[in-house]
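File shown: protein-v8.txt. Contents: compact mmCIF, N, CA, C and O atoms.
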# COMPACT_ATOMS: atom_id res chain seq x y z
N MET A 92 0.85 -1.18 0.00
CA MET A 92 0.00 0.00 0.00
C MET A 92 0.89 1.24 0.00
O MET A 92 1.89 1.30 0.70
N SER A 93 0.47 2.22 -0.74
CA SER A 93 1.23 3.46 -0.85
C SER A 93 1.30 4.17 0.51
O SER A 93 0.29 4.35 1.19
N GLU A 94 2.49 4.54 0.87
CA GLU A 94 2.69 5.26 2.14
C GLU A 94 1.97 6.61 2.12
O GLU A 94 1.48 7.08 3.16
N ILE A 95 1.85 7.22 0.94
CA ILE A 95 1.16 8.50 0.82
C ILE A 95 -0.33 8.32 1.13
O ILE A 95 -0.93 9.13 1.85
N LEU A 96 -0.94 7.24 0.60
CA LEU A 96 -2.35 6.97 0.89
C LEU A 96 -2.57 6.70 2.36
O LEU A 96 -3.51 7.22 2.97
N LEU A 97 -1.68 5.92 2.96
CA LEU A 97 -1.81 5.62 4.39
C LEU A 97 -1.70 6.89 5.23
O LEU A 97 -2.48 7.08 6.18
N THR A 98 -0.78 7.74 4.88
CA THR A 98 -0.62 9.01 5.60
C THR A 98 -1.86 9.88 5.44
O THR A 98 -2.34 10.49 6.40
N ALA A 99 -2.40 9.93 4.21
CA ALA A 99 -3.60 10.74 3.96
C ALA A 99 -4.78 10.21 4.78
O ALA A 99 -5.53 11.00 5.37
N LEU A 100 -4.97 8.89 4.82
CA LEU A 100 -6.05 8.31 5.61
C LEU A 100 -5.89 8.65 7.09
O LEU A 100 -6.86 9.03 7.76
N GLN A 101 -4.67 8.51 7.59
CA GLN A 101 -4.41 8.77 9.01
C GLN A 101 -4.71 10.22 9.37
O GLN A 101 -5.43 10.49 10.34
N TYR A 102 -4.19 11.15 8.60
CA TYR A 102 -4.35 12.55 8.95
C TYR A 102 -5.75 13.06 8.65
O TYR A 102 -6.27 13.91 9.38
N TYR A 103 -6.39 12.56 7.58
CA TYR A 103 -7.77 12.95 7.33
C TYR A 103 -8.65 12.46 8.49
O TYR A 103 -9.48 13.22 9.00
N GLY A 104 -8.48 11.22 8.88
CA GLY A 104 -9.27 10.66 9.97
C GLY A 104 -9.12 11.47 11.25
O GLY A 104 -10.11 11.77 11.93
N ALA A 105 -7.90 11.84 11.56
CA ALA A 105 -7.64 12.63 12.77
C ALA A 105 -8.26 14.03 12.66
O ALA A 105 -8.95 14.49 13.58
N ALA A 106 -8.03 14.71 11.54
CA ALA A 106 -8.52 16.08 11.37
C ALA A 106 -10.05 16.11 11.32
O ALA A 106 -10.68 16.97 11.96
N ALA A 107 -10.66 15.19 10.59
CA ALA A 107 -12.12 15.15 10.50
C ALA A 107 -12.74 14.89 11.87
O ALA A 107 -13.76 15.50 12.22
N GLY A 108 -12.13 14.02 12.65
CA GLY A 108 -12.63 13.75 14.00
C GLY A 108 -12.57 14.97 14.89
O GLY A 108 -13.50 15.23 15.66
N VAL A 109 -11.50 15.73 14.79
CA VAL A 109 -11.36 16.94 15.60
C VAL A 109 -12.39 18.00 15.19
O VAL A 109 -13.05 18.61 16.04
N VAL A 110 -12.56 18.21 13.89
CA VAL A 110 -13.53 19.19 13.41
C VAL A 110 -14.95 18.78 13.84
O VAL A 110 -15.73 19.60 14.33
N ALA A 111 -15.28 17.49 13.67
CA ALA A 111 -16.61 17.01 14.05
C ALA A 111 -16.84 17.19 15.55
O ALA A 111 -17.93 17.63 15.97
N ALA A 112 -15.86 16.87 16.36
CA ALA A 112 -16.00 17.03 17.81
C ALA A 112 -16.21 18.51 18.17
O ALA A 112 -17.01 18.83 19.05
N PHE A 113 -15.51 19.39 17.48
CA PHE A 113 -15.65 20.82 17.74
C PHE A 113 -17.06 21.28 17.40
O PHE A 113 -17.70 22.00 18.19
N VAL A 114 -17.60 20.84 16.26
CA VAL A 114 -18.96 21.22 15.87
C VAL A 114 -19.97 20.70 16.89
O VAL A 114 -20.87 21.44 17.31
N VAL A 115 -19.82 19.46 17.32
CA VAL A 115 -20.73 18.91 18.34
C VAL A 115 -20.63 19.73 19.63
O VAL A 115 -21.64 20.05 20.26
N SER A 116 -19.42 20.11 20.01
CA SER A 116 -19.23 20.86 21.26
C SER A 116 -19.88 22.24 21.22
O SER A 116 -20.22 22.80 22.25
N LEU A 117 -20.06 22.80 20.02
CA LEU A 117 -20.67 24.12 19.89
C LEU A 117 -22.19 24.09 20.11
O LEU A 117 -22.79 25.15 20.33
N ASP A 118 -22.79 22.91 20.06
CA ASP A 118 -24.23 22.76 20.28
C ASP A 118 -25.02 23.74 19.42
O ASP A 118 -25.82 24.53 19.92
N LEU A 119 -24.82 23.64 18.10
CA LEU A 119 -25.45 24.56 17.16
C LEU A 119 -26.83 24.11 16.70
O LEU A 119 -27.45 24.77 15.88
N GLY A 120 -27.30 23.00 17.21
CA GLY A 120 -28.61 22.51 16.82
C GLY A 120 -28.53 21.15 16.15
O GLY A 120 -27.46 20.59 15.94
N ARG A 121 -29.71 20.62 15.80
CA ARG A 121 -29.81 19.26 15.26
C ARG A 121 -29.07 19.09 13.94
O ARG A 121 -28.34 18.13 13.77
N ARG A 122 -29.31 19.96 12.97
CA ARG A 122 -28.71 19.75 11.65
C ARG A 122 -27.18 19.85 11.68
O ARG A 122 -26.51 18.96 11.16
N PRO A 123 -26.61 20.89 12.27
CA PRO A 123 -25.14 20.93 12.32
C PRO A 123 -24.55 19.74 13.08
O PRO A 123 -23.53 19.17 12.68
N THR A 124 -25.21 19.33 14.15
CA THR A 124 -24.74 18.17 14.90
C THR A 124 -24.85 16.91 14.04
O THR A 124 -23.93 16.08 14.03
N GLY A 125 -25.93 16.78 13.31
CA GLY A 125 -26.08 15.64 12.41
C GLY A 125 -24.99 15.59 11.36
O GLY A 125 -24.42 14.53 11.07
N TRP A 126 -24.68 16.74 10.77
CA TRP A 126 -23.61 16.78 9.77
C TRP A 126 -22.25 16.53 10.41
O TRP A 126 -21.35 15.97 9.77
N ALA A 127 -22.08 16.91 11.65
CA ALA A 127 -20.84 16.56 12.36
C ALA A 127 -20.72 15.05 12.49
O ALA A 127 -19.62 14.49 12.34
N PHE A 128 -21.84 14.37 12.74
CA PHE A 128 -21.80 12.91 12.81
C PHE A 128 -21.48 12.30 11.45
O PHE A 128 -20.81 11.27 11.37
N VAL A 129 -21.94 12.92 10.36
CA VAL A 129 -21.54 12.46 9.02
C VAL A 129 -20.02 12.58 8.89
O VAL A 129 -19.35 11.66 8.37
N LEU A 130 -19.47 13.67 9.35
CA LEU A 130 -18.02 13.85 9.32
C LEU A 130 -17.33 12.81 10.19
O LEU A 130 -16.29 12.25 9.81
N PHE A 131 -17.89 12.52 11.36
CA PHE A 131 -17.36 11.44 12.20
C PHE A 131 -17.36 10.10 11.45
O PHE A 131 -16.43 9.31 11.58
N VAL A 132 -18.42 9.84 10.69
CA VAL A 132 -18.49 8.59 9.90
C VAL A 132 -17.32 8.53 8.93
O VAL A 132 -16.64 7.50 8.82
N THR A 133 -17.05 9.63 8.21
CA THR A 133 -15.93 9.62 7.26
C THR A 133 -14.60 9.45 7.97
O THR A 133 -13.70 8.79 7.48
N SER A 134 -14.49 10.06 9.15
CA SER A 134 -13.28 9.90 9.96
C SER A 134 -13.08 8.44 10.34
O SER A 134 -11.98 7.89 10.21
N SER A 135 -14.15 7.81 10.82
CA SER A 135 -14.07 6.40 11.21
C SER A 135 -13.69 5.52 10.03
O SER A 135 -12.87 4.61 10.16
N LEU A 136 -14.30 5.77 8.87
CA LEU A 136 -13.98 4.97 7.69
C LEU A 136 -12.51 5.10 7.31
O LEU A 136 -11.84 4.11 6.98
N ALA A 137 -12.01 6.33 7.35
CA ALA A 137 -10.59 6.56 7.02
C ALA A 137 -9.69 5.82 8.01
O ALA A 137 -8.71 5.18 7.62
N LEU A 138 -10.03 5.90 9.29
CA LEU A 138 -9.17 5.27 10.30
C LEU A 138 -9.33 3.75 10.34
O LEU A 138 -8.39 3.05 10.72
N ILE A 139 -10.48 3.24 9.92
CA ILE A 139 -10.62 1.79 9.76
C ILE A 139 -9.68 1.33 8.65
O ILE A 139 -8.94 0.37 8.81
N GLY A 140 -9.74 2.03 7.53
CA GLY A 140 -8.84 1.70 6.42
C GLY A 140 -7.39 1.77 6.83
O GLY A 140 -6.61 0.84 6.61
N TRP A 141 -7.01 2.86 7.46
CA TRP A 141 -5.62 3.03 7.89
C TRP A 141 -5.23 1.94 8.89
O TRP A 141 -4.16 1.34 8.78
N GLY A 142 -6.12 1.67 9.84
CA GLY A 142 -5.81 0.71 10.90
C GLY A 142 -5.57 -0.70 10.38
O GLY A 142 -4.71 -1.42 10.92
N PHE A 143 -6.30 -1.10 9.36
CA PHE A 143 -6.13 -2.46 8.86
C PHE A 143 -5.14 -2.56 7.71
O PHE A 143 -4.71 -3.66 7.36
N LEU A 144 -4.76 -1.44 7.13
CA LEU A 144 -3.75 -1.46 6.06
C LEU A 144 -2.34 -1.20 6.57
O LEU A 144 -1.37 -1.59 5.95
N LYS A 145 -2.24 -0.53 7.69
CA LYS A 145 -0.93 -0.22 8.29
C LYS A 145 -0.58 -1.34 9.27
O LYS A 145 -1.35 -1.66 10.18
N PRO A 146 0.57 -1.94 9.10
CA PRO A 146 0.97 -3.02 10.02
C PRO A 146 0.96 -2.56 11.48
O PRO A 146 1.35 -1.45 11.81
N GLN A 147 0.46 -3.41 12.35
CA GLN A 147 0.42 -3.22 13.80
C GLN A 147 -0.45 -2.04 14.24
O GLN A 147 -0.21 -1.43 15.27
N SER A 148 -1.48 -1.73 13.43
CA SER A 148 -2.39 -0.63 13.78
C SER A 148 -3.83 -1.11 13.85
O SER A 148 -4.75 -0.30 13.79
N GLU A 149 -4.01 -2.41 13.99
CA GLU A 149 -5.35 -2.98 13.97
C GLU A 149 -6.23 -2.47 15.11
O GLU A 149 -7.45 -2.40 14.99
N GLY A 150 -5.63 -2.11 16.24
CA GLY A 150 -6.40 -1.60 17.37
C GLY A 150 -7.20 -0.36 17.01
O GLY A 150 -8.36 -0.22 17.41
N ILE A 151 -6.60 0.53 16.26
CA ILE A 151 -7.31 1.73 15.80
C ILE A 151 -8.44 1.34 14.86
O ILE A 151 -9.52 1.91 14.90
N GLY A 152 -8.18 0.35 14.02
CA GLY A 152 -9.22 -0.13 13.12
C GLY A 152 -10.41 -0.69 13.88
O GLY A 152 -11.57 -0.37 13.59
N VAL A 153 -10.15 -1.52 14.87
CA VAL A 153 -11.23 -2.11 15.68
C VAL A 153 -11.98 -1.02 16.44
O VAL A 153 -13.22 -1.00 16.46
N GLN A 154 -11.25 -0.11 17.05
CA GLN A 154 -11.89 0.99 17.78
C GLN A 154 -12.82 1.76 16.85
O GLN A 154 -13.95 2.11 17.23
N ASN A 155 -12.40 2.01 15.64
CA ASN A 155 -13.20 2.81 14.73
C ASN A 155 -14.35 2.05 14.10
O ASN A 155 -15.32 2.66 13.65
N ILE A 156 -14.31 0.73 14.11
CA ILE A 156 -15.50 -0.04 13.73
C ILE A 156 -16.60 0.23 14.75
O ILE A 156 -17.75 0.48 14.39
N LEU A 157 -16.23 0.22 16.02
CA LEU A 157 -17.20 0.50 17.08
C LEU A 157 -17.67 1.96 17.03
O LEU A 157 -18.86 2.24 17.18
N LEU A 158 -16.74 2.88 16.81
CA LEU A 158 -17.11 4.29 16.71
C LEU A 158 -17.99 4.54 15.49
O LEU A 158 -18.90 5.37 15.53
N LEU A 159 -17.75 3.80 14.40
CA LEU A 159 -18.59 3.93 13.21
C LEU A 159 -20.04 3.60 13.54
O LEU A 159 -20.96 4.33 13.14
N ALA A 160 -20.24 2.54 14.29
CA ALA A 160 -21.61 2.17 14.69
C ALA A 160 -22.24 3.28 15.52
O ALA A 160 -23.41 3.65 15.30
N ILE A 161 -21.51 3.83 16.46
CA ILE A 161 -22.02 4.93 17.30
C ILE A 161 -22.33 6.15 16.43
O ILE A 161 -23.37 6.80 16.59
N ASN A 162 -21.45 6.46 15.50
CA ASN A 162 -21.63 7.63 14.64
C ASN A 162 -22.82 7.47 13.71
O ASN A 162 -23.52 8.45 13.42
N ILE A 163 -23.09 6.25 13.25
CA ILE A 163 -24.27 6.01 12.42
C ILE A 163 -25.54 6.26 13.23
O ILE A 163 -26.51 6.83 12.72
N VAL A 164 -25.52 5.88 14.50
CA VAL A 164 -26.65 6.19 15.38
C VAL A 164 -26.83 7.71 15.47
O VAL A 164 -27.96 8.21 15.42
N GLY A 165 -25.74 8.45 15.58
CA GLY A 165 -25.81 9.91 15.63
C GLY A 165 -26.39 10.49 14.35
O GLY A 165 -27.23 11.40 14.41
N VAL A 166 -25.99 9.98 13.20
CA VAL A 166 -26.55 10.45 11.93
C VAL A 166 -28.05 10.17 11.90
O VAL A 166 -28.85 11.05 11.57
N TYR A 167 -28.44 8.97 12.30
CA TYR A 167 -29.87 8.63 12.32
C TYR A 167 -30.63 9.56 13.28
O TYR A 167 -31.66 10.12 12.92
N ARG A 168 -30.08 9.72 14.46
CA ARG A 168 -30.78 10.50 15.49
C ARG A 168 -30.95 11.97 15.10
O ARG A 168 -31.99 12.57 15.33
N TYR A 169 -29.91 12.56 14.51
CA TYR A 169 -29.94 14.00 14.25
C TYR A 169 -30.37 14.39 12.84
O TYR A 169 -30.82 15.52 12.63
N LEU A 170 -30.23 13.49 11.86
CA LEU A 170 -30.57 13.87 10.49
C LEU A 170 -31.76 13.11 9.92
O LEU A 170 -32.43 13.62 9.02
N ILE A 171 -32.03 11.90 10.40
CA ILE A 171 -33.06 11.07 9.77
C ILE A 171 -34.33 11.02 10.61
O ILE A 171 -35.42 11.26 10.09
N ARG A 172 -34.19 10.69 11.87
CA ARG A 172 -35.35 10.56 12.75
C ARG A 172 -36.00 11.92 12.99
O ARG A 172 -35.32 12.93 13.17
N LYS A 173 -37.29 11.94 13.01
CA LYS A 173 -38.03 13.17 13.32
C LYS A 173 -37.91 13.47 14.80
O LYS A 173 -37.94 12.58 15.63
N LYS A 174 -37.74 14.75 15.11
CA LYS A 174 -37.65 15.15 16.52
C LYS A 174 -39.01 14.96 17.18
O LYS A 174 -40.03 15.40 16.65
N GLU A 175 -39.00 14.31 18.33
CA GLU A 175 -40.23 14.08 19.06
C GLU A 175 -40.60 15.30 19.87
O GLU A 175 -39.74 16.00 20.41
N ALA A 176 -41.89 15.56 19.97
CA ALA A 176 -42.37 16.71 20.75
C ALA A 176 -42.12 16.44 22.24
O ALA A 176 -42.27 15.33 22.71
N ALA A 177 -41.74 17.49 22.94
CA ALA A 177 -41.43 17.34 24.37
C ALA A 177 -42.64 17.29 25.23
O ALA A 177 -43.68 17.71 25.00

The structure in this file should be written as structure tokens.
Amino acid sequence: MSEILLTALQYYGAAAGVVAAFVVSLDLGRRPTGWAFVLFVTSSLALIGWGFLKPQSEGIGVQNILLLAINIVGVYRYLIRKKEAA
């Protein structure tokens, strides 16, 4: 595997995760939070790829499989599911 691709996956995953976490921390409402979870999904996918393609990095890959599932729940909750009346 190309070292350039592995580096791009690693740094994209890290940067996207930081940006998504920052957006969630701002509490800007349902839609921005939902799109932050979409960004988290892309981060998880990049880090899953990096984790299983880079020797001795499988732990990050496994962690991000679990985070991917959590992030998909976030996308569903904030972008797909209708908000219930309080």

query = From the list A:Ala99, A:Leu117, A:Phe128, A:Gly108, which residue is nearest Ile161 (chain A) when using all atoms listed in the file?
reply =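 Counting all atoms listed in the file, the residue closest to Ile161 (chain A) is A:Phe128.
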
task = Between CA of Ser134 (chain A) and atom N of Lys173 (chain A), measure the distance and give it in Å to one decimal.
result =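 Between CA of Ser134 (chain A) and atom N of Lys173 (chain A) the gap is 24.3 Å.
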
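Reported to one decimal place, the separation of atom N of Leu144 (chain A) from atom O of Leu158 (chain A) is 17.8 Å.
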
task = Work out how far atom O of Gln147 (chain A) is from atom O of Gly125 (chain A), in Å to one decimal.
result =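 According to the coordinates, atom O of Gly125 (chain A) and atom O of Gln147 (chain A) are separated by 29.3 Å.
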
note = Using only C-alpha atoms, the best pick from A:Tyr102, A:Arg122, A:Ser116, A:Lys145 as closest to Lys174 (chain A) would be A:Arg122

Contacts of Val114 (chain A) at 6 Å (only N, CA, C and O atoms; same-chain gap of 5+ positions) as a VMD selection string = chain A and resid 109 119 123 to 124

query = A:Leu157, A:Ile151, A:Leu130, A:Ala137: which is nearest Leu100 (chain A), counting only C-alpha atoms?
reply =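 Nearest to Leu100 (chain A): A:Ala137.
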
query = Which is closest to Gln101 (chain A) among A:Ala177, A:Ile156, A:Ile139, A:Val164, if we use only C-alpha atoms?
reply = A:Ile139

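Proximity ranking of A:Glu175, A:Ala107, A:Glu94, A:Ala160 relative to Phe131 (chain A) places A:Ala107 first, based on all atoms listed in the file.
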
task = Check the smallest atom-to-atom distance from each of A:Leu138, A:Val129, A:Val153, A:Ala105 to Tyr167 (chain A) using all atoms listed in the file, then report the winner.
result =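 Of all the options, A:Val129 lies closest to Tyr167 (chain A).
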
With all atoms of region 113-127 of chain A from the file as input, state the centre and edge lengths in Å to one decimal of the axis-aligned box that has 5 Å extra on each side, as JSON.
{"center_x": -22.7, "center_y": 19.8, "center_z": 16.0, "size_x": 24.3, "size_y": 20.7, "size_z": 22.5}

inquiry  = DSSP on the backbone, alpha helix (DSSP H) only: what residues of region 115-156 of chain A does that give? Format it as a PyMOL selection string.
reply    = chain A and resi 115-117+121-144+149-156

Those same residues, written as a compact mmCIF listing (two decimals), keeping the file's coordinate frame with N, CA, C and O atoms?
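Contents of the output file out_10.txt:
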# COMPACT_ATOMS: atom_id res chain seq x y z
N VAL A 115 -19.82 19.46 17.32
CA VAL A 115 -20.73 18.91 18.34
C VAL A 115 -20.63 19.73 19.63
O VAL A 115 -21.64 20.05 20.26
N SER A 116 -19.42 20.11 20.01
CA SER A 116 -19.23 20.86 21.26
C SER A 116 -19.88 22.24 21.22
O SER A 116 -20.22 22.80 22.25
N LEU A 117 -20.06 22.80 20.02
CA LEU A 117 -20.67 24.12 19.89
C LEU A 117 -22.19 24.09 20.11
O LEU A 117 -22.79 25.15 20.33
N ARG A 121 -29.71 20.62 15.80
CA ARG A 121 -29.81 19.26 15.26
C ARG A 121 -29.07 19.09 13.94
O ARG A 121 -28.34 18.13 13.77
N ARG A 122 -29.31 19.96 12.97
CA ARG A 122 -28.71 19.75 11.65
C ARG A 122 -27.18 19.85 11.68
O ARG A 122 -26.51 18.96 11.16
N PRO A 123 -26.61 20.89 12.27
CA PRO A 123 -25.14 20.93 12.32
C PRO A 123 -24.55 19.74 13.08
O PRO A 123 -23.53 19.17 12.68
N THR A 124 -25.21 19.33 14.15
CA THR A 124 -24.74 18.17 14.90
C THR A 124 -24.85 16.91 14.04
O THR A 124 -23.93 16.08 14.03
N GLY A 125 -25.93 16.78 13.31
CA GLY A 125 -26.08 15.64 12.41
C GLY A 125 -24.99 15.59 11.36
O GLY A 125 -24.42 14.53 11.07
N TRP A 126 -24.68 16.74 10.77
CA TRP A 126 -23.61 16.78 9.77
C TRP A 126 -22.25 16.53 10.41
O TRP A 126 -21.35 15.97 9.77
N ALA A 127 -22.08 16.91 11.65
CA ALA A 127 -20.84 16.56 12.36
C ALA A 127 -20.72 15.05 12.49
O ALA A 127 -19.62 14.49 12.34
N PHE A 128 -21.84 14.37 12.74
CA PHE A 128 -21.80 12.91 12.81
C PHE A 128 -21.48 12.30 11.45
O PHE A 128 -20.81 11.27 11.37
N VAL A 129 -21.94 12.92 10.36
CA VAL A 129 -21.54 12.46 9.02
C VAL A 129 -20.02 12.58 8.89
O VAL A 129 -19.35 11.66 8.37
N LEU A 130 -19.47 13.67 9.35
CA LEU A 130 -18.02 13.85 9.32
C LEU A 130 -17.33 12.81 10.19
O LEU A 130 -16.29 12.25 9.81
N PHE A 131 -17.89 12.52 11.36
CA PHE A 131 -17.36 11.44 12.20
C PHE A 131 -17.36 10.10 11.45
O PHE A 131 -16.43 9.31 11.58
N VAL A 132 -18.42 9.84 10.69
CA VAL A 132 -18.49 8.59 9.90
C VAL A 132 -17.32 8.53 8.93
O VAL A 132 -16.64 7.50 8.82
N THR A 133 -17.05 9.63 8.21
CA THR A 133 -15.93 9.62 7.26
C THR A 133 -14.60 9.45 7.97
O THR A 133 -13.70 8.79 7.48
N SER A 134 -14.49 10.06 9.15
CA SER A 134 -13.28 9.90 9.96
C SER A 134 -13.08 8.44 10.34
O SER A 134 -11.98 7.89 10.21
N SER A 135 -14.15 7.81 10.82
CA SER A 135 -14.07 6.40 11.21
C SER A 135 -13.69 5.52 10.03
O SER A 135 -12.87 4.61 10.16
N LEU A 136 -14.30 5.77 8.87
CA LEU A 136 -13.98 4.97 7.69
C LEU A 136 -12.51 5.10 7.31
O LEU A 136 -11.84 4.11 6.98
N ALA A 137 -12.01 6.33 7.35
CA ALA A 137 -10.59 6.56 7.02
C ALA A 137 -9.69 5.82 8.01
O ALA A 137 -8.71 5.18 7.62
N LEU A 138 -10.03 5.90 9.29
CA LEU A 138 -9.17 5.27 10.30
C LEU A 138 -9.33 3.75 10.34
O LEU A 138 -8.39 3.05 10.72
N ILE A 139 -10.48 3.24 9.92
CA ILE A 139 -10.62 1.79 9.76
C ILE A 139 -9.68 1.33 8.65
O ILE A 139 -8.94 0.37 8.81
N GLY A 140 -9.74 2.03 7.53
CA GLY A 140 -8.84 1.70 6.42
C GLY A 140 -7.39 1.77 6.83
O GLY A 140 -6.61 0.84 6.61
N TRP A 141 -7.01 2.86 7.46
CA TRP A 141 -5.62 3.03 7.89
C TRP A 141 -5.23 1.94 8.89
O TRP A 141 -4.16 1.34 8.78
N GLY A 142 -6.12 1.67 9.84
CA GLY A 142 -5.81 0.71 10.90
C GLY A 142 -5.57 -0.70 10.38
O GLY A 142 -4.71 -1.42 10.92
N PHE A 143 -6.30 -1.10 9.36
CA PHE A 143 -6.13 -2.46 8.86
C PHE A 143 -5.14 -2.56 7.71
O PHE A 143 -4.71 -3.66 7.36
N LEU A 144 -4.76 -1.44 7.13
CA LEU A 144 -3.75 -1.46 6.06
C LEU A 144 -2.34 -1.20 6.57
O LEU A 144 -1.37 -1.59 5.95
N GLU A 149 -4.01 -2.41 13.99
CA GLU A 149 -5.35 -2.98 13.97
C GLU A 149 -6.23 -2.47 15.11
O GLU A 149 -7.45 -2.40 14.99
N GLY A 150 -5.63 -2.11 16.24
CA GLY A 150 -6.40 -1.60 17.37
C GLY A 150 -7.20 -0.36 17.01
O GLY A 150 -8.36 -0.22 17.41
N ILE A 151 -6.60 0.53 16.26
CA ILE A 151 -7.31 1.73 15.80
C ILE A 151 -8.44 1.34 14.86
O ILE A 151 -9.52 1.91 14.90
N GLY A 152 -8.18 0.35 14.02
CA GLY A 152 -9.22 -0.13 13.12
C GLY A 152 -10.41 -0.69 13.88
O GLY A 152 -11.57 -0.37 13.59
N VAL A 153 -10.15 -1.52 14.87
CA VAL A 153 -11.23 -2.11 15.68
C VAL A 153 -11.98 -1.02 16.44
O VAL A 153 -13.22 -1.00 16.46
N GLN A 154 -11.25 -0.11 17.05
CA GLN A 154 -11.89 0.99 17.78
C GLN A 154 -12.82 1.76 16.85
O GLN A 154 -13.95 2.11 17.23
N ASN A 155 -12.40 2.01 15.64
CA ASN A 155 -13.20 2.81 14.73
C ASN A 155 -14.35 2.05 14.10
O ASN A 155 -15.32 2.66 13.65
N ILE A 156 -14.31 0.73 14.11
CA ILE A 156 -15.50 -0.04 13.73
C ILE A 156 -16.60 0.23 14.75
O ILE A 156 -17.75 0.48 14.39
